[in-house]
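Visitor: Quick one: structure below, then a few questions.
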Amino acid sequence: MSRRLRWPLLIAIFSVITTARAEQAFWEQYMDQVRTLRQKGAFAGAEKAALAAIAEAQKSGHEDFRLAKSWNNLATIYYDTGRYAEAEKFFELSTHLWERLYATDSIEAAQGLNNLAVLYVKTSRFKEAELLLSRALAVREKALYPVHPDVAETVDNLA
């Protein structure tokens with residue numbers, strides 16, 4: 001490759017890497033805000049931060065773990081505030097994306113199944129909840145050690 005072409009190519013690569021790092025940093029800041037505001041019970045601010053995290057995760061044009069995690073966090077805010085239909089939509093989106101990214105028997109997908117099942121219990125959809133919790137438990141028991149807190153959480157939810 002000639003020197004004339006090498007420098008523009010290197011500059012373009014550096015620019016892409018720098019932009020990706022900046023997007024990741026902004027996304028992490030929004031996610032920290034979601035956690036902090038949700039813990040304080042400031043759900044309106046947490047929702048704004050979650051929506052900003054989603055927008056940041058979508059900037060790349062690729063669906064990745066950041067988008068799934070952002071959707072899941074938005075769903076938890078909706079769950080906490082009794083907006084169950086909206087929570088269900090975003091729990092489903094995050095779970096399906098985790099299943100596509102990692103596999104249907106991944107820890108991430110199991111977390112999504114567990115969260116969706118808890119919503120189903122809250123809305124008296126017990127059969128659906130039982131099916132999801134059974135799937136989540138099978139994944140967690142296979143992937144984690146028997147006394148892991150996530151296994152215990154799923155067993156407790158199933159009970």
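Identifiers in this document derive from the order of the structure tokens: chains are assigned A, B, ..., residues are numbered from 1 separately in each chain, and ligands are numbered from 1 in order of occurrence.
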Need to verify the contact set: Thr95 in chain A, 7 Å, only C-alpha atoms, exclusion of same-chain residues closer than 2 positions in sequence. Can you return it as a PyMOL selection string?
Guide: chain A and resi 91-93+97-99+109+112-113
Visitor: Take the residues from that selection and put them in a file with N, CA and C atoms, as a PDB file, in the first residue's frame.
Guide:
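Output saved as selection.pdb:
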ATOM      1  N   PHE A  91     -39.144  -6.301  28.133  1.00  0.00           N
ATOM      2  CA  PHE A  91     -38.564  -7.559  28.610  1.00  0.00           C
ATOM      3  C   PHE A  91     -38.490  -8.565  27.463  1.00  0.00           C
ATOM      4  N   GLU A  92     -39.534  -8.626  26.642  1.00  0.00           N
ATOM      5  CA  GLU A  92     -39.529  -9.546  25.497  1.00  0.00           C
ATOM      6  C   GLU A  92     -38.448  -9.164  24.492  1.00  0.00           C
ATOM      7  N   LEU A  93     -38.350  -7.877  24.178  1.00  0.00           N
ATOM      8  CA  LEU A  93     -37.321  -7.434  23.236  1.00  0.00           C
ATOM      9  C   LEU A  93     -35.924  -7.798  23.724  1.00  0.00           C
ATOM     10  N   LEU A  97     -33.380 -10.582  22.020  1.00  0.00           N
ATOM     11  CA  LEU A  97     -32.069 -10.152  21.537  1.00  0.00           C
ATOM     12  C   LEU A  97     -30.963 -10.942  22.221  1.00  0.00           C
ATOM     13  N   TRP A  98     -31.052 -11.137  23.531  1.00  0.00           N
ATOM     14  CA  TRP A  98     -30.048 -11.954  24.217  1.00  0.00           C
ATOM     15  C   TRP A  98     -30.014 -13.365  23.639  1.00  0.00           C
ATOM     16  N   GLU A  99     -31.161 -13.918  23.324  1.00  0.00           N
ATOM     17  CA  GLU A  99     -31.200 -15.262  22.732  1.00  0.00           C
ATOM     18  C   GLU A  99     -30.525 -15.267  21.355  1.00  0.00           C
ATOM     19  N   ALA A 109     -29.975 -14.758  28.486  1.00  0.00           N
ATOM     20  CA  ALA A 109     -31.349 -15.108  28.117  1.00  0.00           C
ATOM     21  C   ALA A 109     -32.129 -15.588  29.334  1.00  0.00           C
ATOM     22  N   GLY A 112     -33.398 -12.666  31.229  1.00  0.00           N
ATOM     23  CA  GLY A 112     -34.572 -12.110  30.568  1.00  0.00           C
ATOM     24  C   GLY A 112     -35.820 -12.942  30.813  1.00  0.00           C
ATOM     25  N   LEU A 113     -35.681 -14.262  30.726  1.00  0.00           N
ATOM     26  CA  LEU A 113     -36.813 -15.156  30.994  1.00  0.00           C
ATOM     27  C   LEU A 113     -37.310 -14.980  32.419  1.00  0.00           C
TER      28      LEU A 113
END
Visitor: List the spatial neighbours of Arg135 in chain A as an mmCIF file with N, CA, C and O atoms, in the first residue's frame - criterion: any atom at most 9 Å away, only C-alpha atoms, same-chain residues fewer than 6 positions off excluded.
Guide:
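Final output, saved to out17.cif:
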data_model
loop_
_atom_site.group_PDB
_atom_site.id
_atom_site.type_symbol
_atom_site.label_atom_id
_atom_site.label_comp_id
_atom_site.auth_asym_id
_atom_site.auth_seq_id
_atom_site.Cartn_x
_atom_site.Cartn_y
_atom_site.Cartn_z
ATOM 1 N N ASP A 105 -29.869 -20.792 25.568
ATOM 2 C CA ASP A 105 -29.485 -21.350 26.861
ATOM 3 C C ASP A 105 -28.343 -20.555 27.514
ATOM 4 O O ASP A 105 -27.535 -21.094 28.258
ATOM 5 N N ALA A 110 -31.470 -16.329 30.210
ATOM 6 C CA ALA A 110 -32.134 -16.805 31.426
ATOM 7 C C ALA A 110 -32.565 -15.632 32.305
ATOM 8 O O ALA A 110 -33.645 -15.663 32.904
ATOM 9 N N LEU A 113 -35.681 -14.262 30.726
ATOM 10 C CA LEU A 113 -36.813 -15.156 30.994
ATOM 11 C C LEU A 113 -37.310 -14.980 32.419
ATOM 12 O O LEU A 113 -38.513 -14.934 32.681
ATOM 13 N N ASN A 114 -36.379 -14.891 33.361
ATOM 14 C CA ASN A 114 -36.730 -14.715 34.768
ATOM 15 C C ASN A 114 -37.490 -13.405 34.978
ATOM 16 O O ASN A 114 -38.529 -13.377 35.647
#
Visitor: Residues within 7 Å of range 129-133 of chain A, please, as a PyMOL selection string. Count only C-alpha atoms; anything in the same chain fewer than 3 positions from it doesn't count.
Guide: chain A and resi 113-114+117-118+120-121+125-126+136-137+154+158
Visitor: Any idea what's packed within 9 Å of range 61-76 of chain A, counting only C-alpha atoms, ignoring anything in its chain fewer than 6 positions away? Could you give it as an MDAnalysis selection string?
Guide: chainID A and resid 24 27 31 34:35 46:47 49:51 53:55 83:84 86:98 101 112 115
Visitor: Hey, can you check how far CA of Ala52 in chain A sits from CA of Ile77 in chain A?
Guide: 13.8 Å
Visitor: So what do you get for CA of Tyr102 in chain A versus CA of Leu144 in chain A, distance-wise?
Guide: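 CA of Tyr102 in chain A sits 16.0 Å away from CA of Leu144 in chain A.
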Visitor: Using DSSP assignments from the backbone, pull out every residue in chain A that falls under alpha helix (DSSP H) and give it to me as a PyMOL selection string.
Guide: chain A and resi 3-40+43-58+65-80+84-101+107-122+126-143+149-158
Visitor: Find the distance between CA of Ser60 in chain A and CA of Gln39 in chain A and write it in Å to one decimal.
Guide: 28.9 Å
Visitor: Looking at only C-alpha atoms, which of A:Ala103, A:Lys142, A:Thr81, A:Asp156 is the one that sits closest to Gly41 in chain A?
Guide: A:Thr81
